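Structure file work15.csv (CSV, C-alpha atoms and all ligand atoms) is printed below.
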```csv
chain,number,residue,atom,x,y,z
Q,1294,MET,CA,-124.9,54.1,117.3
Q,1295,THR,CA,-124.7,54.4,121.1
Q,1296,VAL,CA,-127.0,52.5,123.5
Q,1297,LEU,CA,-127.5,53.5,127.1
Q,1298,VAL,CA,-128.0,50.6,129.5
Q,1299,ALA,CA,-129.3,52.1,132.8
Q,1300,TYR,CA,-130.3,50.2,135.9
Q,1301,SER,CA,-131.5,50.3,139.5
Q,1302,SER,CA,-130.1,47.6,141.7
Q,1303,LYS,CA,-130.0,47.3,145.5
Q,1304,ARG,CA,-128.0,44.2,146.0
Q,1305,GLY,CA,-126.0,43.9,142.8
Q,1306,SER,CA,-127.8,41.2,140.9
Q,1307,THR,CA,-129.6,43.5,138.5
Q,1308,ALA,CA,-126.3,45.4,138.0
Q,1309,GLU,CA,-124.8,42.2,136.8
Q,1310,ILE,CA,-127.6,41.6,134.4
Q,1311,ALA,CA,-127.1,45.1,133.0
Q,1312,GLU,CA,-123.4,44.4,132.7
Q,1313,THR,CA,-124.1,41.3,130.7
Q,1314,LEU,CA,-126.6,43.1,128.4
Q,1315,ALA,CA,-124.0,45.9,127.9
Q,1316,ALA,CA,-121.2,43.4,127.1
Q,1317,THR,CA,-123.5,41.5,124.6
Q,1318,LEU,CA,-124.5,44.8,122.9
Q,1319,ARG,CA,-120.8,45.7,122.6
Q,1320,ARG,CA,-120.0,42.3,121.1
Q,1321,GLU,CA,-122.8,42.9,118.5
Q,1322,GLY,CA,-120.9,46.0,117.4
Q,1323,LEU,CA,-122.8,48.8,119.2
Q,1324,GLY,CA,-121.4,51.6,121.3
Q,1325,VAL,CA,-122.6,51.2,124.9
Q,1326,CYS,CA,-122.7,53.2,128.1
Q,1327,LEU,CA,-123.6,51.5,131.3
Q,1328,GLU,CA,-124.9,53.8,134.1
Q,1329,ARG,CA,-126.8,53.6,137.3
Q,1330,ALA,CA,-130.3,55.1,136.5
Q,1331,GLU,CA,-129.8,58.0,139.0
Q,1332,ASP,CA,-126.5,59.0,137.3
Q,1333,VAL,CA,-128.0,59.8,133.9
Q,1334,ARG,CA,-128.5,63.5,133.3
Q,1335,SER,CA,-129.6,63.5,129.7
Q,1336,LEU,CA,-130.5,61.0,127.0
Q,1337,GLU,CA,-129.2,63.3,124.3
Q,1338,PRO,CA,-125.9,61.4,123.6
Q,1339,TYR,CA,-127.8,58.1,123.1
Q,1340,ASP,CA,-129.6,56.6,120.1
Q,1341,ALA,CA,-131.4,53.9,122.1
Q,1342,VAL,CA,-132.0,53.0,125.7
Q,1343,VAL,CA,-132.3,49.9,127.8
Q,1344,LEU,CA,-133.6,50.5,131.4
Q,1345,GLY,CA,-133.9,47.8,134.1
Q,1346,SER,CA,-134.8,47.5,137.7
Q,1347,ALA,CA,-134.9,45.0,140.5
Q,1348,VAL,CA,-138.5,44.5,141.8
Q,1349,TYR,CA,-139.0,44.8,145.6
Q,1350,MET,CA,-142.5,44.4,147.1
Q,1351,LYS,CA,-144.0,44.6,143.7
Q,1352,ARG,CA,-142.3,47.9,142.9
Q,1353,TRP,CA,-139.5,49.1,140.7
Q,1354,GLY,CA,-136.6,50.9,142.3
Q,1355,GLY,CA,-137.3,54.6,142.8
Q,1356,GLU,CA,-134.3,55.6,140.6
Q,1357,ALA,CA,-135.7,53.6,137.7
Q,1358,LYS,CA,-139.2,55.0,138.2
Q,1359,HIS,CA,-137.7,58.5,138.4
Q,1360,PHE,CA,-135.8,57.8,135.2
Q,1361,LEU,CA,-139.0,57.0,133.3
Q,1362,LYS,CA,-140.5,60.2,134.5
Q,1363,LYS,CA,-137.6,62.5,134.1
Q,1364,HIS,CA,-136.7,61.3,130.6
Q,1365,ARG,CA,-140.2,60.6,129.3
Q,1366,LYS,CA,-140.0,63.2,126.5
Q,1367,ALA,CA,-136.7,61.9,125.2
Q,1368,LEU,CA,-137.9,58.3,125.6
Q,1369,ARG,CA,-140.8,58.9,123.3
Q,1370,GLN,CA,-138.4,59.7,120.6
Q,1371,LYS,CA,-135.9,56.9,120.9
Q,1372,PRO,CA,-136.2,53.1,120.7
Q,1373,PHE,CA,-136.2,51.8,124.2
Q,1374,TRP,CA,-136.5,48.5,126.0
Q,1375,VAL,CA,-137.2,47.6,129.6
Q,1376,PHE,CA,-136.4,44.7,131.9
Q,1377,SER,CA,-137.3,43.8,135.5
Q,1378,SER,CA,-135.4,41.3,137.6
Q,1379,GLY,CA,-137.0,39.7,140.6
Q,1380,PRO,CA,-138.5,36.2,140.8
Q,1381,VAL,CA,-136.5,33.8,143.0
Q,1382,GLY,CA,-137.6,30.5,144.5
Q,1383,ASP,CA,-139.4,27.6,142.9
Q,1384,PRO,CA,-140.8,28.8,139.6
Q,1385,ALA,CA,-143.9,26.7,140.2
Q,1386,ASN,CA,-144.8,29.1,143.0
Q,1387,ASP,CA,-144.2,32.3,141.0
Q,1388,ASN,CA,-147.0,34.8,141.8
Q,1389,PRO,CA,-147.8,36.9,138.7
Q,1390,ASP,CA,-149.0,39.7,141.0
Q,1391,TRP,CA,-145.4,40.0,142.4
Q,1392,ILE,CA,-143.4,39.7,139.2
Q,1393,GLU,CA,-144.5,42.7,137.3
Q,1394,PRO,CA,-145.0,46.1,139.0
Q,1395,PRO,CA,-148.6,47.1,138.5
Q,1396,LYS,CA,-149.0,49.6,135.7
Q,1397,LEU,CA,-145.4,49.4,134.5
Q,1398,ALA,CA,-146.2,47.7,131.3
Q,1399,GLU,CA,-148.9,50.3,130.6
Q,1400,LYS,CA,-146.4,53.1,131.2
Q,1401,VAL,CA,-143.8,51.6,129.0
Q,1402,ASP,CA,-146.4,51.1,126.3
Q,1403,GLU,CA,-147.6,54.6,126.6
Q,1404,LEU,CA,-144.0,55.9,126.1
Q,1405,GLY,CA,-143.6,53.7,123.0
Q,1406,GLY,CA,-141.3,51.1,124.6
Q,1407,ARG,CA,-140.5,48.2,122.3
Q,1408,GLY,CA,-140.5,45.5,124.9
Q,1409,HIS,CA,-140.5,44.5,128.6
Q,1410,VAL,CA,-139.1,41.3,129.9
Q,1411,VAL,CA,-138.9,39.9,133.4
Q,1412,PHE,CA,-135.6,38.0,134.2
Q,1413,GLY,CA,-135.2,35.8,137.3
Q,1414,GLY,CA,-133.5,37.4,140.2
Q,1415,ARG,CA,-131.0,36.3,142.9
Q,1416,VAL,CA,-131.4,36.1,146.7
Q,1417,PRO,CA,-128.4,38.0,148.2
Q,1418,ALA,CA,-125.6,35.6,149.2
Q,1419,GLU,CA,-125.4,37.3,152.6
Q,1420,PRO,CA,-128.9,38.4,153.5
Q,1421,ARG,CA,-129.2,41.6,155.6
Q,1422,GLY,CA,-132.1,42.6,157.7
Q,1423,LEU,CA,-135.2,40.6,158.8
Q,1424,MET,CA,-137.0,40.7,155.4
Q,1425,GLU,CA,-134.0,39.5,153.4
Q,1426,LYS,CA,-133.2,36.8,155.9
Q,1427,ALA,CA,-136.8,35.5,156.1
Q,1428,MET,CA,-136.9,35.4,152.3
Q,1429,ALA,CA,-133.6,33.7,151.9
Q,1430,GLU,CA,-134.5,31.0,154.4
Q,1431,GLY,CA,-137.5,30.0,152.5
Q,1432,VAL,CA,-135.7,29.6,149.2
Q,1433,PRO,CA,-134.0,26.2,148.3
Q,1434,GLU,CA,-130.4,26.6,147.2
Q,1435,ARG,CA,-131.0,25.7,143.6
Q,1436,PHE,CA,-133.6,28.5,143.2
Q,1437,ARG,CA,-131.6,31.2,144.8
Q,1438,ASP,CA,-130.1,32.5,141.6
Q,1439,ARG,CA,-132.6,32.3,138.8
Q,1440,ARG,CA,-130.8,34.6,136.4
Q,1441,ASP,CA,-130.5,32.7,133.0
Q,1442,TRP,CA,-127.5,34.2,131.3
Q,1443,ASP,CA,-128.3,32.6,127.9
Q,1444,GLU,CA,-131.8,34.2,128.0
Q,1445,ILE,CA,-130.3,37.6,129.0
Q,1446,ARG,CA,-127.7,37.5,126.2
Q,1447,ALA,CA,-130.3,36.4,123.7
Q,1448,TRP,CA,-132.5,39.3,124.6
Q,1449,ALA,CA,-129.6,41.8,124.1
Q,1450,ALA,CA,-128.7,40.1,120.8
Q,1451,GLU,CA,-132.4,40.6,119.7
Q,1452,ILE,CA,-132.2,44.3,120.6
Q,1453,ALA,CA,-129.0,44.7,118.6
Q,1454,ARG,CA,-130.8,43.0,115.6
Q,1455,GLN,CA,-133.8,45.3,115.9
Q,1456,LEU,CA,-131.5,48.4,116.1
Q,1457,VAL,CA,-129.8,47.4,112.8
Q,1458,LEU,CA,-133.3,47.1,111.2
Q,1459,ILE,CA,-134.3,50.5,112.6
Q,1460,ARG,CA,-131.2,52.1,111.2
Q,1461,SER,CA,-131.5,50.6,107.7
Q,1501,LIG,C1,-137.7,42.0,150.8
Q,1501,LIG,C2,-137.7,41.5,149.4
Q,1501,LIG,C3,-138.8,41.8,148.6
Q,1501,LIG,C4,-138.9,41.3,147.2
Q,1501,LIG,N1,-140.0,41.5,146.5
Q,1501,LIG,C5,-140.0,41.0,145.2
Q,1501,LIG,C6,-141.2,41.2,144.4
Q,1501,LIG,O1,-142.2,41.9,144.8
Q,1501,LIG,N2,-141.2,40.7,143.2
Q,1501,LIG,C7,-140.1,40.0,142.7
Q,1501,LIG,O2,-140.2,39.5,141.6
Q,1501,LIG,N3,-139.0,39.8,143.4
Q,1501,LIG,C8,-138.9,40.3,144.7
Q,1501,LIG,N4,-137.8,40.1,145.4
Q,1501,LIG,C9,-136.6,39.5,144.8
Q,1501,LIG,C10,-135.6,40.5,144.3
Q,1501,LIG,O3,-136.2,41.3,143.3
Q,1501,LIG,C11,-134.4,39.8,143.8
Q,1501,LIG,O4,-133.6,39.3,144.9
Q,1501,LIG,C12,-133.5,40.7,142.9
Q,1501,LIG,O5,-132.6,39.9,142.2
Q,1501,LIG,C13,-132.8,41.7,143.7
Q,1501,LIG,O6,-132.1,42.6,142.8
Q,1501,LIG,P1,-130.8,43.4,143.2
Q,1501,LIG,O7,-129.8,42.4,143.7
Q,1501,LIG,O8,-130.4,44.1,142.0
Q,1501,LIG,O9,-131.2,44.4,144.3
Q,1501,LIG,C14,-137.7,40.6,146.7
Q,1501,LIG,C15,-136.6,40.4,147.5
Q,1501,LIG,C16,-136.6,40.9,148.8
Q,1501,LIG,C17,-135.3,40.6,149.7
```

Please re-express this file's structure in structure tokens.
Amino acid sequence: MTVLVAYSSKRGSTAEIAETLAATLRREGLGVCLERAEDVRSLEPYDAVVLGSAVYMKRWGGEAKHFLKKHRKALRQKPFWVFSSGPVGDPANDNPDWIEPPKLAEKVDELGGRGHVVFGGRVPAEPRGLMEKAMAEGVPERFRDRRDWDEIRAWAAEIARQLVLIRS
């Protein structure tokens, strides 16, 4: 069984989440391909799909949105899971409106997606441009990288477990 892990990442932190998901799925005994969302031509070679994107200004990356659209027919026929990565800063101040792109959960449901999780994100170590700099300045050091690797690995292990059940 081969799983595609596809992602959209501007500054690398979502790519690292996708790498960890892929490594965990491999450790669980699955075949895995890790690709940037825009590099995927066809889902034909894959039995299951994990798609993720960084969230910027309440939106998924264009490549991930395009992936959902381009491959919608194939996605309807395969088990697939979705993750977003975004929230940084003090979790007490998380704004639900910013965490999950509006309508994404609806779209994933409509295509038969088996789950959507939101992982914490990371402020770039070397912020570029006014927006990133303004954002980075307001975030205390300890909340700059909110990716929880145990949570990320556990989610991948759960996907592997479900795939075994689907197969049997
Ligand atoms: C300008 C800007 C806007 C952002 N907007 C959101 C947002 O709407 N929701 C959210 O959860 N995170 C937001 N973030 C945090 C990013 O999603 C986070 O830094 C993420 O880890 C970036 O992923 P990447 O390194 O893969 O590009 C924003 C970050 C920046 C710099």

#### Entry: Nearby polymer residues, ligand LIG 1501 (chain Q), at most 9 Å, all atoms listed in the file, as a PyMOL selection string
chain Q and resi 1300-1310+1346-1354+1377-1381+1387-1394+1411-1417+1420-1429+1437-1440

Next, dump the selected residues to file, keeping only C-alpha atoms, as a PDB file, keeping the file's coordinate frame.
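Output below, filename part16.pdb:
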```
ATOM      1  CA  TYR Q1300    -130.300  50.200 135.900  1.00  0.00           C
ATOM      2  CA  SER Q1301    -131.500  50.300 139.500  1.00  0.00           C
ATOM      3  CA  SER Q1302    -130.100  47.600 141.700  1.00  0.00           C
ATOM      4  CA  LYS Q1303    -130.000  47.300 145.500  1.00  0.00           C
ATOM      5  CA  ARG Q1304    -128.000  44.200 146.000  1.00  0.00           C
ATOM      6  CA  GLY Q1305    -126.000  43.900 142.800  1.00  0.00           C
ATOM      7  CA  SER Q1306    -127.800  41.200 140.900  1.00  0.00           C
ATOM      8  CA  THR Q1307    -129.600  43.500 138.500  1.00  0.00           C
ATOM      9  CA  ALA Q1308    -126.300  45.400 138.000  1.00  0.00           C
ATOM     10  CA  GLU Q1309    -124.800  42.200 136.800  1.00  0.00           C
ATOM     11  CA  ILE Q1310    -127.600  41.600 134.400  1.00  0.00           C
ATOM     12  CA  SER Q1346    -134.800  47.500 137.700  1.00  0.00           C
ATOM     13  CA  ALA Q1347    -134.900  45.000 140.500  1.00  0.00           C
ATOM     14  CA  VAL Q1348    -138.500  44.500 141.800  1.00  0.00           C
ATOM     15  CA  TYR Q1349    -139.000  44.800 145.600  1.00  0.00           C
ATOM     16  CA  MET Q1350    -142.500  44.400 147.100  1.00  0.00           C
ATOM     17  CA  LYS Q1351    -144.000  44.600 143.700  1.00  0.00           C
ATOM     18  CA  ARG Q1352    -142.300  47.900 142.900  1.00  0.00           C
ATOM     19  CA  TRP Q1353    -139.500  49.100 140.700  1.00  0.00           C
ATOM     20  CA  GLY Q1354    -136.600  50.900 142.300  1.00  0.00           C
ATOM     21  CA  SER Q1377    -137.300  43.800 135.500  1.00  0.00           C
ATOM     22  CA  SER Q1378    -135.400  41.300 137.600  1.00  0.00           C
ATOM     23  CA  GLY Q1379    -137.000  39.700 140.600  1.00  0.00           C
ATOM     24  CA  PRO Q1380    -138.500  36.200 140.800  1.00  0.00           C
ATOM     25  CA  VAL Q1381    -136.500  33.800 143.000  1.00  0.00           C
ATOM     26  CA  ASP Q1387    -144.200  32.300 141.000  1.00  0.00           C
ATOM     27  CA  ASN Q1388    -147.000  34.800 141.800  1.00  0.00           C
ATOM     28  CA  PRO Q1389    -147.800  36.900 138.700  1.00  0.00           C
ATOM     29  CA  ASP Q1390    -149.000  39.700 141.000  1.00  0.00           C
ATOM     30  CA  TRP Q1391    -145.400  40.000 142.400  1.00  0.00           C
ATOM     31  CA  ILE Q1392    -143.400  39.700 139.200  1.00  0.00           C
ATOM     32  CA  GLU Q1393    -144.500  42.700 137.300  1.00  0.00           C
ATOM     33  CA  PRO Q1394    -145.000  46.100 139.000  1.00  0.00           C
ATOM     34  CA  VAL Q1411    -138.900  39.900 133.400  1.00  0.00           C
ATOM     35  CA  PHE Q1412    -135.600  38.000 134.200  1.00  0.00           C
ATOM     36  CA  GLY Q1413    -135.200  35.800 137.300  1.00  0.00           C
ATOM     37  CA  GLY Q1414    -133.500  37.400 140.200  1.00  0.00           C
ATOM     38  CA  ARG Q1415    -131.000  36.300 142.900  1.00  0.00           C
ATOM     39  CA  VAL Q1416    -131.400  36.100 146.700  1.00  0.00           C
ATOM     40  CA  PRO Q1417    -128.400  38.000 148.200  1.00  0.00           C
ATOM     41  CA  PRO Q1420    -128.900  38.400 153.500  1.00  0.00           C
ATOM     42  CA  ARG Q1421    -129.200  41.600 155.600  1.00  0.00           C
ATOM     43  CA  GLY Q1422    -132.100  42.600 157.700  1.00  0.00           C
ATOM     44  CA  LEU Q1423    -135.200  40.600 158.800  1.00  0.00           C
ATOM     45  CA  MET Q1424    -137.000  40.700 155.400  1.00  0.00           C
ATOM     46  CA  GLU Q1425    -134.000  39.500 153.400  1.00  0.00           C
ATOM     47  CA  LYS Q1426    -133.200  36.800 155.900  1.00  0.00           C
ATOM     48  CA  ALA Q1427    -136.800  35.500 156.100  1.00  0.00           C
ATOM     49  CA  MET Q1428    -136.900  35.400 152.300  1.00  0.00           C
ATOM     50  CA  ALA Q1429    -133.600  33.700 151.900  1.00  0.00           C
ATOM     51  CA  ARG Q1437    -131.600  31.200 144.800  1.00  0.00           C
ATOM     52  CA  ASP Q1438    -130.100  32.500 141.600  1.00  0.00           C
ATOM     53  CA  ARG Q1439    -132.600  32.300 138.800  1.00  0.00           C
ATOM     54  CA  ARG Q1440    -130.800  34.600 136.400  1.00  0.00           C
TER      55      ARG Q1440
END
```

Could you list, with a cut-off of 12 Å and counting all atoms listed in the file, the residues of region 1391-1450 of chain Q near region 1339-1345 of chain Q, each shown with its nearest atom pair and the distance in Å rounded to one decimal, rows sorted by chain and ascending number, as a Markdown table?
```
| residue | atom | partner | partner_atom | distance |
| --- | --- | --- | --- | --- |
| Q:Leu1397 | CA | Q:Gly1345 | CA | 11.6 |
| Q:Val1401 | CA | Q:Leu1344 | CA | 10.5 |
| Q:Gly1405 | CA | Q:Val1342 | CA | 11.9 |
| Q:Gly1406 | CA | Q:Val1342 | CA | 9.6 |
| Q:Arg1407 | CA | Q:Val1343 | CA | 10.0 |
| Q:Gly1408 | CA | Q:Val1343 | CA | 9.7 |
| Q:His1409 | CA | Q:Gly1345 | CA | 9.2 |
| Q:Val1410 | CA | Q:Gly1345 | CA | 9.3 |
| Q:Val1411 | CA | Q:Gly1345 | CA | 9.4 |
| Q:Phe1412 | CA | Q:Gly1345 | CA | 9.9 |
| Q:Ile1445 | CA | Q:Gly1345 | CA | 12.0 |
| Q:Trp1448 | CA | Q:Val1343 | CA | 11.1 |
| Q:Ala1449 | CA | Q:Val1343 | CA | 9.3 |
```

### Summary
Expressed in Å, the length from CA of Arg1454 (chain Q) to CA of Ala1311 (chain Q) is 17.9 Å

### Query
Could you state the separation of CA of Ala1316 (chain Q) and CA of His1364 (chain Q) in Å, given to one decimal place?
23.9 Å

### Summary
A straight line from CA of Lys1396 (chain Q) to CA of Gly1355 (chain Q) spans 14.6 Å

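Candidate residues Q:Leu1297, Q:Arg1334, Q:Glu1444, Q:Pro1395 were compared for distance to Leu1318 (chain Q), and the nearest is Q:Leu1297, using only C-alpha atoms.
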